[in-house]
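One structure is given below, encoded as structure tokens.
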Amino acid sequence: MEVISSLILVIGRPALMWFLLLNLIPLMIWLERKGSAYIQDRIGPNRAHIGGLRLAGMVHNVADVVKLFTKEDIVPSHVSRGYYIAAPFVAMTVALMTYAVIPFADAVVIGKKSFPMQAANLSVGFLYILAIASLGVYAVVLSGWASNNKYGLLGGLRSSAQLISYEVSMGLSLIGLVMAFQTVELNDIVRGQGELLFGFLPKWGIVIQPLAFVLYLTCAFAETNRNPFDLPEGESEIVAGYHVEYSSMKFALFFMAEYVNILVQGAIVTTLFLGGWQVPWLPTAVLKRHLDVVLPLLAMGTTVILCLSFVILRRYDLANRTRWQDARRREGLWLSRLSLAGALAFLILSTVFVKWPVDSKGGWPSLVVGMDRALHLLPGGVRGAIEQLLYWKGWGGVFTALVQFSAFVTKLLLVAWLFIWVRWTLPRFRYDQLMKLGWQVMLPLALANLVVTGVVYFVQG
Amino acid sequence: MSETHTETVKEHAPASADSHPHGAAHGPASPGTDAGPGAGGLSLPERIYVVEVVRGLAITLGHLFRNLLFPGRFRTIQWPELPRPLPQRFRAKHRLNKWEDGHTKCTACMCCATACPAGCITIVAGEFSKPLVKVDAGVTKIIEKYPTLYDIDLLKCVYCGFCVEACPCDAIKMDTGKFPRAGYSREDFLWQNRFKDGLPTLERNAAEA
């Protein structure tokens, strides 16, 4: 059991990270499309469907993948071939690498072993993030230069100047946090944020360093080349900037890297400023002790959310029922039924969690009537294995980690949504405004924040 | 949004070249001019910018939730599943009028082809084996000609309706309410009519609803 669980954890942690990250990309693209449409009073993608199922435009991602994979992969004759091909890979690799140090749950203790819930447990923590994030500029510069295209070159130049300018304030805005938490290791920073300020306020980074939060968020927008700062690809001026010469999956890699970068910045903001995996007011030990309350409550919350989505889907169904003459007309009906069924399932699950005190012996077999009797029908070896699995001591840790993981993902998605939301709200800066903001506003503010924080902590001792 | 426009205008104005749009790092050239847009400056919350950002975010989120909760409010028309209501006098795809017995009303007089500014109408005239006698509004007409071929190239057609106005026999109309949508070849957009002794032998519809 120990060996298996260690193996699962060792392979599972990076795998989970990649799985999460790569599967959130289509979700982000969908959010971008549908969110922007609703913000602008449009309907957004609603055509592509598989057997009538459009999933509010989610199926368009499938169509996109098919399109991008089957498109001709053009390497123009005038490009510098090696660098041209390398650039999108650099973009994607760097974007995915950053995630390695982000803790997505507190260390799981099984038996005597402690498993930190990070893909790589580096003691240099966010210095690694800053280092890798600044590598991202190479992808843009490489692609811009290797494309041998004036728009590409302009995009690359703009991007490198912008990224270098904003990295200064980015790093400076984080120093205050290091002073506050006395460490650069991300998991320790998150643990530090579990404490309470004045006895009721979670000691999150945003509470103790609000200015640094605003500064970092602004820099994060600049680092990901997102809207108010998307001059490197400003399509009205330089077509698509650095990726103007790319097609097919090479373009797709840039496209995906953009969303991975958003998710990475979202994860960093979450980890440093929004308490990371911390469930507010519930430190790990308390959470683990009260799982029999927390898990049913979570399941109930999911039920409520599914009921709300049922209401929305029901209205959607009524609005669309007469519209379509093909398979699409049943979609709203099926989806609303599915959400209702999901709500019911989670309601049942919440009662199950009440009856199953996860880390004490004896709960599970009484879960379903006749389950222990059914177990006795099985041959001894199989029954032993199943019982060992059911009564395994590690379940408490695993479920605690799962709750913290979902807290982390929720916060991450909220920050990622902020990126999309801002993109469809703000107009793009002019280049001189961008530079002025970076050097004449952000930098002094970051330095002032640093000085004030330093003085406060020096006075406090 | 409007704040940004104001900024842009202000930045170009030479009178306030020293002012900064973002943040309160520097004040305007003279104190007291930051009262409002009339004075050429921005108010304090506008200059801090973050406040205005939050206001803008509130507006977009309001739109998002309104559209999420009231999906019936979209003005989008789901064309082609839901056709858009056409105006009564909409000039749609052409139609050749018939007599009650099925003979075409067209007499191949070429008035439509002559009036057509795009030159998209092709007519080949033919002669009835026995002249057609018709009584129209009390007037007896002896009709000797009919079109053996009446083609309209809908890719050339500009839908001006001059052919309808030029027609002396009320033969061509644009009241079908259909219009060509998409096709895979030029031939798809060729509306072909063939007649023998004034009776249609072929009508090949151009790409349409």
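Residue numbering restarts at 1 in every chain; chains get A, B, ... in the order shown in the structure tokens, and ligands count up from 1 in that same order.
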
Skip B:Leu190 itself and residues of its chain fewer than 2 positions away, then list as a tab-separated table (two decimals) with N, CA and C atoms, in the first residue's frame all residues within 9 Å of it, counting only C-alpha atoms.
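This is the output file result.tsv:
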chain	number	residue	atom	x	y	z
B	151	ASP	N	-32.47	33.52	-69.21
B	151	ASP	CA	-31.49	33.27	-68.14
B	151	ASP	C	-31.16	34.57	-67.43
B	152	ILE	N	-31.01	34.48	-66.13
B	152	ILE	CA	-30.47	35.63	-65.39
B	152	ILE	C	-29.27	35.14	-64.59
B	153	ASP	N	-28.15	35.83	-64.77
B	153	ASP	CA	-26.95	35.51	-63.99
B	153	ASP	C	-27.04	36.29	-62.68
B	154	LEU	N	-27.36	35.56	-61.59
B	154	LEU	CA	-27.61	36.24	-60.32
B	154	LEU	C	-26.35	36.80	-59.69
B	155	LEU	N	-25.19	36.38	-60.19
B	155	LEU	CA	-23.96	36.97	-59.67
B	155	LEU	C	-23.73	38.35	-60.25
B	186	ARG	N	-20.19	28.82	-60.32
B	186	ARG	CA	-20.89	29.95	-60.93
B	186	ARG	C	-22.22	29.50	-61.50
B	187	GLU	N	-22.27	28.24	-61.97
B	187	GLU	CA	-23.51	27.73	-62.56
B	187	GLU	C	-24.63	27.69	-61.52
B	188	ASP	N	-24.23	27.53	-60.23
B	188	ASP	CA	-25.24	27.51	-59.19
B	188	ASP	C	-26.04	28.81	-59.15
B	192	GLN	N	-31.96	29.54	-64.78
B	192	GLN	CA	-32.21	29.17	-66.18
B	192	GLN	C	-33.68	28.85	-66.38
B	204	ARG	N	-34.36	25.80	-63.81
B	204	ARG	CA	-33.29	25.39	-62.91
B	204	ARG	C	-33.10	26.51	-61.90
B	205	ASN	N	-33.45	26.22	-60.66
B	205	ASN	CA	-33.37	27.27	-59.66
B	205	ASN	C	-31.94	27.55	-59.26
B	206	ALA	N	-31.66	28.80	-59.14
B	206	ALA	CA	-30.33	29.16	-58.64
B	206	ALA	C	-30.29	28.89	-57.15
B	207	ALA	N	-29.08	28.81	-56.60
B	207	ALA	CA	-28.88	28.53	-55.17
B	207	ALA	C	-29.75	29.43	-54.33

Where in stretch 37-203 of chain A does DSSP assign alpha helix (DSSP H), given as a PyMOL selection string? chain A and resi 37-39+59-70+81-97+126-146+150-181+186-192

Tell me which protein, DNA and RNA residues are within 10 Å of A:Val294, counting only C-alpha atoms, leaving out same-chain ones fewer than 4 positions away, and put them as a PyMOL selection string. chain A and resi 282+287-290+298-300+350+353-354+400+403

Filtering to N, CA and C atoms, could you give me those residues as a PDB file, in the first residue's frame?
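In the end it all went to part_3.pdb:
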ATOM      1  N   LEU A 282      -9.894  27.944   7.511  1.00  0.00           N
ATOM      2  CA  LEU A 282      -9.779  26.513   7.775  1.00  0.00           C
ATOM      3  C   LEU A 282      -8.367  26.026   7.478  1.00  0.00           C
ATOM      4  N   LEU A 287      -9.232  21.534   8.986  1.00  0.00           N
ATOM      5  CA  LEU A 287      -9.968  20.994   7.840  1.00  0.00           C
ATOM      6  C   LEU A 287     -10.013  19.473   7.915  1.00  0.00           C
ATOM      7  N   LYS A 288      -8.862  18.880   8.239  1.00  0.00           N
ATOM      8  CA  LYS A 288      -8.773  17.425   8.261  1.00  0.00           C
ATOM      9  C   LYS A 288      -9.647  16.849   9.370  1.00  0.00           C
ATOM     10  N   ARG A 289      -9.716  17.563  10.497  1.00  0.00           N
ATOM     11  CA  ARG A 289     -10.498  17.071  11.624  1.00  0.00           C
ATOM     12  C   ARG A 289     -11.990  17.166  11.341  1.00  0.00           C
ATOM     13  N   HIS A 290     -12.399  18.173  10.565  1.00  0.00           N
ATOM     14  CA  HIS A 290     -13.831  18.398  10.354  1.00  0.00           C
ATOM     15  C   HIS A 290     -14.283  18.024   8.951  1.00  0.00           C
ATOM     16  N   LEU A 298     -19.649  20.966   1.050  1.00  0.00           N
ATOM     17  CA  LEU A 298     -19.176  21.188  -0.314  1.00  0.00           C
ATOM     18  C   LEU A 298     -20.118  20.544  -1.323  1.00  0.00           C
ATOM     19  N   ALA A 299     -20.535  19.304  -1.012  1.00  0.00           N
ATOM     20  CA  ALA A 299     -21.454  18.626  -1.925  1.00  0.00           C
ATOM     21  C   ALA A 299     -22.765  19.385  -2.023  1.00  0.00           C
ATOM     22  N   MET A 300     -23.241  19.930  -0.872  1.00  0.00           N
ATOM     23  CA  MET A 300     -24.468  20.728  -0.890  1.00  0.00           C
ATOM     24  C   MET A 300     -24.285  21.977  -1.740  1.00  0.00           C
ATOM     25  N   SER A 350     -23.778  14.102  -0.618  1.00  0.00           N
ATOM     26  CA  SER A 350     -23.601  14.841   0.632  1.00  0.00           C
ATOM     27  C   SER A 350     -24.044  13.981   1.827  1.00  0.00           C
ATOM     28  N   PHE A 353     -21.285  11.433   2.488  1.00  0.00           N
ATOM     29  CA  PHE A 353     -20.129  11.964   3.195  1.00  0.00           C
ATOM     30  C   PHE A 353     -20.433  12.116   4.682  1.00  0.00           C
ATOM     31  N   VAL A 354     -21.695  12.383   5.018  1.00  0.00           N
ATOM     32  CA  VAL A 354     -22.047  12.474   6.434  1.00  0.00           C
ATOM     33  C   VAL A 354     -21.858  11.113   7.097  1.00  0.00           C
ATOM     34  N   THR A 400      -8.583  15.889   2.235  1.00  0.00           N
ATOM     35  CA  THR A 400      -8.168  17.245   2.597  1.00  0.00           C
ATOM     36  C   THR A 400      -7.480  17.909   1.416  1.00  0.00           C
ATOM     37  N   VAL A 403      -9.981  18.907  -1.219  1.00  0.00           N
ATOM     38  CA  VAL A 403     -10.726  20.135  -0.890  1.00  0.00           C
ATOM     39  C   VAL A 403      -9.842  21.347  -1.141  1.00  0.00           C
TER      40      VAL A 403
END

Skipping near chain neighbours, those fewer than 4 positions away, what residues fall within 12 Å of B:Thr107 using only C-alpha atoms, listed as a ChimeraX atom specification? /B:96-99,103,111-112,123-128,131-132,141-150,167-172,195,197-198

Would you compute the distance between atom CA of A:Ile164 and atom CA of A:Glu233? Give it in Å to one decimal. 16.6 Å

Per-residue nearest contacts of chain A to chain B (9 Å; only C-alpha atoms) as JSON lines:
{"residue": "A:Gly35", "atom": "CA", "partner": "B:Leu64", "partner_atom": "CA", "distance": 7.1}
{"residue": "A:Ser36", "atom": "CA", "partner": "B:Leu64", "partner_atom": "CA", "distance": 8.4}
{"residue": "A:Ala37", "atom": "CA", "partner": "B:Leu64", "partner_atom": "CA", "distance": 8.4}
{"residue": "A:Tyr38", "atom": "CA", "partner": "B:Leu64", "partner_atom": "CA", "distance": 4.9}
{"residue": "A:Ile39", "atom": "CA", "partner": "B:Leu64", "partner_atom": "CA", "distance": 4.6}
{"residue": "A:Gln40", "atom": "CA", "partner": "B:His63", "partner_atom": "CA", "distance": 7.3}
{"residue": "A:Asp41", "atom": "CA", "partner": "B:Asn67", "partner_atom": "CA", "distance": 6.7}
{"residue": "A:Arg42", "atom": "CA", "partner": "B:Phe74", "partner_atom": "CA", "distance": 7.0}
{"residue": "A:Ile43", "atom": "CA", "partner": "B:Thr76", "partner_atom": "CA", "distance": 7.2}
{"residue": "A:Ile312", "atom": "CA", "partner": "B:Leu69", "partner_atom": "CA", "distance": 6.6}
{"residue": "A:Arg315", "atom": "CA", "partner": "B:Pro71", "partner_atom": "CA", "distance": 7.4}
{"residue": "A:Tyr316", "atom": "CA", "partner": "B:Pro71", "partner_atom": "CA", "distance": 6.5}
{"residue": "A:Ala319", "atom": "CA", "partner": "B:Gly72", "partner_atom": "CA", "distance": 6.0}
{"residue": "A:Asn320", "atom": "CA", "partner": "B:Gly72", "partner_atom": "CA", "distance": 8.9}
{"residue": "A:Arg323", "atom": "CA", "partner": "B:Leu82", "partner_atom": "CA", "distance": 6.7}
{"residue": "A:Trp324", "atom": "CA", "partner": "B:Glu81", "partner_atom": "CA", "distance": 6.4}
{"residue": "A:Gln325", "atom": "CA", "partner": "B:Glu81", "partner_atom": "CA", "distance": 7.5}
{"residue": "A:Trp421", "atom": "CA", "partner": "B:Leu57", "partner_atom": "CA", "distance": 7.2}
{"residue": "A:Val422", "atom": "CA", "partner": "B:Leu57", "partner_atom": "CA", "distance": 6.8}
{"residue": "A:Trp424", "atom": "CA", "partner": "B:Thr60", "partner_atom": "CA", "distance": 7.8}
{"residue": "A:Thr425", "atom": "CA", "partner": "B:Leu57", "partner_atom": "CA", "distance": 6.1}
{"residue": "A:Leu426", "atom": "CA", "partner": "B:Met1", "partner_atom": "CA", "distance": 7.2}
{"residue": "A:Pro427", "atom": "CA", "partner": "B:Met1", "partner_atom": "CA", "distance": 7.3}
{"residue": "A:Gln433", "atom": "CA", "partner": "B:Pro21", "partner_atom": "CA", "distance": 7.9}
{"residue": "A:Lys436", "atom": "CA", "partner": "B:His22", "partner_atom": "CA", "distance": 8.3}
{"residue": "A:Leu437", "atom": "CA", "partner": "B:His22", "partner_atom": "CA", "distance": 6.5}
{"residue": "A:Gln440", "atom": "CA", "partner": "B:Ala25", "partner_atom": "CA", "distance": 7.5}
{"residue": "A:Val441", "atom": "CA", "partner": "B:Ala25", "partner_atom": "CA", "distance": 6.4}
{"residue": "A:Met442", "atom": "CA", "partner": "B:Gly23", "partner_atom": "CA", "distance": 8.9}
{"residue": "A:Pro444", "atom": "CA", "partner": "B:Ala25", "partner_atom": "CA", "distance": 8.7}

Got time to write the residues from that selection, C-alpha atoms, as an mmCIF file, in the first residue's frame?
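Saved the output as part.cif:
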data_model
loop_
_atom_site.group_PDB
_atom_site.id
_atom_site.type_symbol
_atom_site.label_atom_id
_atom_site.label_comp_id
_atom_site.auth_asym_id
_atom_site.auth_seq_id
_atom_site.Cartn_x
_atom_site.Cartn_y
_atom_site.Cartn_z
ATOM 1 C CA GLY A 35 -17.520 35.785 -22.039
ATOM 2 C CA SER A 36 -16.531 38.390 -24.601
ATOM 3 C CA ALA A 37 -19.708 37.705 -26.541
ATOM 4 C CA TYR A 38 -21.940 38.163 -23.515
ATOM 5 C CA ILE A 39 -20.067 41.261 -22.438
ATOM 6 C CA GLN A 40 -20.664 42.734 -25.880
ATOM 7 C CA ASP A 41 -24.326 41.624 -26.092
ATOM 8 C CA ARG A 42 -23.521 38.994 -28.695
ATOM 9 C CA ILE A 43 -24.361 35.293 -28.624
ATOM 10 C CA ILE A 312 -30.317 29.058 -16.502
ATOM 11 C CA ARG A 315 -34.562 29.366 -19.602
ATOM 12 C CA TYR A 316 -32.124 28.640 -22.401
ATOM 13 C CA ALA A 319 -35.768 30.333 -25.538
ATOM 14 C CA ASN A 320 -34.340 27.878 -28.086
ATOM 15 C CA ARG A 323 -35.645 27.828 -32.988
ATOM 16 C CA TRP A 324 -33.855 24.786 -34.365
ATOM 17 C CA GLN A 325 -35.253 22.195 -36.703
ATOM 18 C CA TRP A 421 -12.820 40.337 -18.175
ATOM 19 C CA VAL A 422 -10.238 43.121 -18.292
ATOM 20 C CA TRP A 424 -12.994 42.980 -22.971
ATOM 21 C CA THR A 425 -13.326 46.107 -20.862
ATOM 22 C CA LEU A 426 -10.237 48.210 -21.376
ATOM 23 C CA PRO A 427 -8.846 49.699 -24.560
ATOM 24 C CA GLN A 433 1.609 55.483 -22.234
ATOM 25 C CA LYS A 436 5.325 55.974 -18.909
ATOM 26 C CA LEU A 437 3.126 53.788 -16.745
ATOM 27 C CA GLN A 440 7.192 56.576 -13.998
ATOM 28 C CA VAL A 441 4.264 55.169 -12.058
ATOM 29 C CA MET A 442 4.727 51.481 -11.349
ATOM 30 C CA PRO A 444 8.206 54.458 -7.958
#

Shell of 12 Å around A:Thr93, only C-alpha atoms, local chain residues under 6 positions omitted, as number ranges by chain: A: 18, 86-87, 99-100, 132-133, 135-136, 138-139, 253-254, 256-258, 260-261

Tell me which protein, DNA and RNA residues are within 12 Å of A:Met249, counting only C-alpha atoms, leaving out same-chain ones fewer than 6 positions away, and put them as a PyMOL selection string. chain A and resi 64-75+85+88-89+92+243+255-257

Please produce a file of those selected residues containing N, CA and C atoms, as a short mmCIF file (atom, residue, chain, number, x, y, z; two decimals), in the first residue's frame.
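What ended up in out-v3.cif:
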data_model
loop_
_atom_site.label_atom_id
_atom_site.label_comp_id
_atom_site.auth_asym_id
_atom_site.auth_seq_id
_atom_site.Cartn_x
_atom_site.Cartn_y
_atom_site.Cartn_z
N ASP A 64 -11.80 23.52 -33.75
CA ASP A 64 -10.54 24.25 -33.88
C ASP A 64 -9.36 23.30 -33.93
N VAL A 65 -9.38 22.31 -33.04
CA VAL A 65 -8.27 21.36 -32.99
C VAL A 65 -8.16 20.62 -34.32
N VAL A 66 -9.30 20.16 -34.82
CA VAL A 66 -9.30 19.45 -36.10
C VAL A 66 -8.76 20.37 -37.19
N LYS A 67 -9.22 21.60 -37.19
CA LYS A 67 -8.77 22.55 -38.21
C LYS A 67 -7.26 22.77 -38.12
N LEU A 68 -6.78 23.04 -36.91
CA LEU A 68 -5.37 23.40 -36.77
C LEU A 68 -4.46 22.21 -37.10
N PHE A 69 -4.93 20.99 -36.75
CA PHE A 69 -4.09 19.83 -37.03
C PHE A 69 -4.03 19.52 -38.53
N THR A 70 -5.13 19.77 -39.23
CA THR A 70 -5.16 19.39 -40.64
C THR A 70 -4.73 20.52 -41.55
N LYS A 71 -4.43 21.67 -41.00
CA LYS A 71 -4.03 22.79 -41.82
C LYS A 71 -2.60 22.60 -42.33
N GLU A 72 -2.31 23.20 -43.49
CA GLU A 72 -0.96 23.08 -44.01
C GLU A 72 0.00 23.85 -43.12
N ASP A 73 1.09 23.19 -42.77
CA ASP A 73 2.09 23.78 -41.89
C ASP A 73 3.12 24.48 -42.76
N ILE A 74 2.94 25.77 -42.95
CA ILE A 74 3.79 26.50 -43.89
C ILE A 74 5.01 27.03 -43.16
N VAL A 75 6.19 26.77 -43.72
CA VAL A 75 7.40 27.45 -43.28
C VAL A 75 7.81 28.35 -44.43
N ILE A 85 11.26 27.54 -36.16
CA ILE A 85 10.56 26.36 -35.65
C ILE A 85 10.69 26.26 -34.14
N PRO A 88 7.91 28.62 -31.21
CA PRO A 88 6.66 28.21 -30.54
C PRO A 88 6.89 27.15 -29.47
N PHE A 89 7.89 26.30 -29.67
CA PHE A 89 8.18 25.28 -28.65
C PHE A 89 8.70 25.94 -27.39
N MET A 92 5.74 27.47 -25.47
CA MET A 92 4.89 26.52 -24.75
C MET A 92 5.65 25.88 -23.59
N HIS A 243 3.61 36.53 -34.13
CA HIS A 243 3.24 35.24 -34.74
C HIS A 243 2.53 35.41 -36.08
N PHE A 255 -0.84 30.23 -29.38
CA PHE A 255 -2.19 30.50 -28.88
C PHE A 255 -2.39 29.83 -27.52
N MET A 256 -1.96 28.55 -27.45
CA MET A 256 -2.11 27.83 -26.20
C MET A 256 -1.19 28.40 -25.13
N ALA A 257 0.02 28.79 -25.55
CA ALA A 257 0.97 29.34 -24.58
C ALA A 257 0.40 30.59 -23.93
#

Give the strand (DSSP E) residues of stretch 72-193 of chain B, as DSSP finds them on the backbone, and put them as an MDAnalysis selection string. chainID B and resid 95:96 121:136 139:153 172:173 190:193

Keeping only N, CA, C and O atoms, take the residues you just selected and write them out as a compact mmCIF listing (two decimals), in the first residue's frame.
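part.txt, written as the output of this step:
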# COMPACT_ATOMS: atom_id res chain seq x y z
N ARG B 95 -39.02 36.13 -60.72
CA ARG B 95 -40.02 35.11 -61.00
C ARG B 95 -40.65 35.51 -62.32
O ARG B 95 -40.88 36.70 -62.57
N LEU B 96 -40.90 34.51 -63.17
CA LEU B 96 -41.57 34.82 -64.44
C LEU B 96 -43.06 34.53 -64.28
O LEU B 96 -43.44 33.44 -63.87
N ILE B 121 -29.29 39.67 -68.07
CA ILE B 121 -30.43 38.93 -68.61
C ILE B 121 -30.11 38.49 -70.04
O ILE B 121 -29.69 39.30 -70.86
N THR B 122 -30.27 37.20 -70.28
CA THR B 122 -30.07 36.66 -71.63
C THR B 122 -31.42 36.13 -72.11
O THR B 122 -32.03 35.31 -71.42
N ILE B 123 -31.87 36.60 -73.28
CA ILE B 123 -33.14 36.12 -73.82
C ILE B 123 -32.91 35.68 -75.26
O ILE B 123 -32.25 36.37 -76.03
N VAL B 124 -33.42 34.50 -75.57
CA VAL B 124 -33.46 34.09 -76.97
C VAL B 124 -34.94 33.96 -77.34
O VAL B 124 -35.68 33.23 -76.69
N ALA B 125 -35.36 34.74 -78.35
CA ALA B 125 -36.78 34.79 -78.68
C ALA B 125 -37.15 33.64 -79.61
O ALA B 125 -36.34 33.15 -80.39
N GLY B 126 -38.38 33.20 -79.47
CA GLY B 126 -38.90 32.16 -80.36
C GLY B 126 -40.30 32.55 -80.82
O GLY B 126 -40.90 33.49 -80.28
N GLU B 127 -40.84 31.84 -81.80
CA GLU B 127 -42.16 32.19 -82.34
C GLU B 127 -43.14 31.06 -82.05
O GLU B 127 -42.81 29.88 -82.20
N PHE B 128 -44.36 31.44 -81.62
CA PHE B 128 -45.39 30.44 -81.37
C PHE B 128 -45.76 29.74 -82.68
O PHE B 128 -45.82 30.39 -83.73
N SER B 129 -46.01 28.45 -82.63
CA SER B 129 -46.46 27.78 -83.83
C SER B 129 -47.85 28.30 -84.22
O SER B 129 -48.17 28.43 -85.41
N LYS B 130 -48.66 28.62 -83.20
CA LYS B 130 -49.97 29.23 -83.44
C LYS B 130 -50.10 30.40 -82.48
O LYS B 130 -49.93 30.20 -81.27
N PRO B 131 -50.32 31.62 -82.95
CA PRO B 131 -50.31 32.77 -82.04
C PRO B 131 -51.27 32.60 -80.88
O PRO B 131 -52.35 32.03 -81.03
N LEU B 132 -50.83 33.06 -79.73
CA LEU B 132 -51.61 32.93 -78.49
C LEU B 132 -52.59 34.11 -78.43
O LEU B 132 -52.20 35.26 -78.64
N VAL B 133 -53.84 33.84 -78.12
CA VAL B 133 -54.83 34.92 -78.01
C VAL B 133 -55.24 35.02 -76.54
O VAL B 133 -55.69 34.04 -75.94
N LYS B 134 -55.05 36.19 -76.01
CA LYS B 134 -55.36 36.38 -74.60
C LYS B 134 -56.17 37.65 -74.43
O LYS B 134 -55.96 38.63 -75.13
N VAL B 135 -57.11 37.62 -73.46
CA VAL B 135 -57.88 38.81 -73.17
C VAL B 135 -57.41 39.32 -71.82
O VAL B 135 -57.49 38.62 -70.81
N ASP B 136 -56.85 40.51 -71.85
CA ASP B 136 -56.31 41.07 -70.61
C ASP B 136 -56.99 42.41 -70.36
O ASP B 136 -56.86 43.34 -71.16
N VAL B 139 -58.94 43.85 -73.14
CA VAL B 139 -58.23 44.08 -74.39
C VAL B 139 -57.77 42.74 -74.95
O VAL B 139 -57.16 41.95 -74.22
N THR B 140 -58.09 42.44 -76.16
CA THR B 140 -57.65 41.20 -76.75
C THR B 140 -56.24 41.36 -77.31
O THR B 140 -55.93 42.33 -78.00
N LYS B 141 -55.38 40.39 -76.94
CA LYS B 141 -53.99 40.47 -77.36
C LYS B 141 -53.66 39.25 -78.19
O LYS B 141 -54.06 38.13 -77.84
N ILE B 142 -52.97 39.46 -79.29
CA ILE B 142 -52.49 38.33 -80.07
C ILE B 142 -50.99 38.28 -79.88
O ILE B 142 -50.25 39.22 -80.24
N ILE B 143 -50.50 37.20 -79.24
CA ILE B 143 -49.09 37.12 -78.88
C ILE B 143 -48.39 36.14 -79.80
O ILE B 143 -48.83 34.98 -79.93
N GLU B 144 -47.33 36.60 -80.45
CA GLU B 144 -46.65 35.75 -81.41
C GLU B 144 -45.30 35.25 -80.90
O GLU B 144 -44.79 34.25 -81.38
N LYS B 145 -44.71 36.00 -79.93
CA LYS B 145 -43.35 35.64 -79.52
C LYS B 145 -43.32 35.12 -78.08
O LYS B 145 -44.16 35.46 -77.25
N TYR B 146 -42.35 34.31 -77.79
CA TYR B 146 -42.07 33.89 -76.42
C TYR B 146 -40.57 33.65 -76.32
O TYR B 146 -39.89 33.50 -77.33
N PRO B 147 -40.02 33.62 -75.11
CA PRO B 147 -38.57 33.34 -74.99
C PRO B 147 -38.32 31.83 -74.98
O PRO B 147 -38.94 31.12 -74.18
N THR B 148 -37.49 31.33 -75.86
CA THR B 148 -37.09 29.93 -75.73
C THR B 148 -36.09 29.77 -74.59
O THR B 148 -35.97 28.71 -73.99
N LEU B 149 -35.38 30.84 -74.33
CA LEU B 149 -34.37 30.81 -73.27
C LEU B 149 -34.47 32.11 -72.50
O LEU B 149 -34.53 33.19 -73.10
N TYR B 150 -34.59 32.01 -71.19
CA TYR B 150 -34.60 33.23 -70.36
C TYR B 150 -33.71 32.98 -69.16
O TYR B 150 -34.08 32.27 -68.24
N ASP B 151 -32.47 33.52 -69.21
CA ASP B 151 -31.49 33.27 -68.14
C ASP B 151 -31.16 34.57 -67.43
O ASP B 151 -31.02 35.61 -68.06
N ILE B 152 -31.01 34.48 -66.13
CA ILE B 152 -30.47 35.63 -65.39
C ILE B 152 -29.27 35.14 -64.59
O ILE B 152 -29.36 34.16 -63.84
N ASP B 153 -28.15 35.83 -64.77
CA ASP B 153 -26.95 35.51 -63.99
C ASP B 153 -27.04 36.29 -62.68
O ASP B 153 -26.84 37.50 -62.64
N ILE B 172 -42.15 39.80 -65.55
CA ILE B 172 -41.09 39.50 -64.57
C ILE B 172 -41.40 40.22 -63.26
O ILE B 172 -41.84 41.37 -63.26
N LYS B 173 -41.24 39.50 -62.18
CA LYS B 173 -41.54 40.02 -60.85
C LYS B 173 -40.35 39.73 -59.95
O LYS B 173 -39.57 38.81 -60.20
N LEU B 190 -26.81 30.64 -61.81
CA LEU B 190 -27.42 30.94 -63.09
C LEU B 190 -28.87 30.46 -63.03
O LEU B 190 -29.13 29.25 -62.93
N TRP B 191 -29.79 31.42 -63.07
CA TRP B 191 -31.21 31.05 -63.03
C TRP B 191 -31.66 30.81 -64.46
O TRP B 191 -31.72 31.74 -65.26
N GLN B 192 -31.96 29.54 -64.78
CA GLN B 192 -32.21 29.17 -66.18
C GLN B 192 -33.68 28.85 -66.38
O GLN B 192 -34.29 28.14 -65.59
N ASN B 193 -34.24 29.34 -67.50
CA ASN B 193 -35.61 29.00 -67.89
C ASN B 193 -35.61 28.61 -69.36
O ASN B 193 -34.96 29.29 -70.17

Could you list, as a PyMOL selection string, every residue within 9 Å of B:Pro117, counting only C-alpha atoms and ignoring same-chain residues fewer than 2 positions away? chain B and resi 113-115+119-120+157-158+160+162

For A:Arg47, which residue out of B:Lys156, B:Trp79, B:Leu42, B:Glu203 is the nearest one, using only C-alpha atoms? B:Trp79
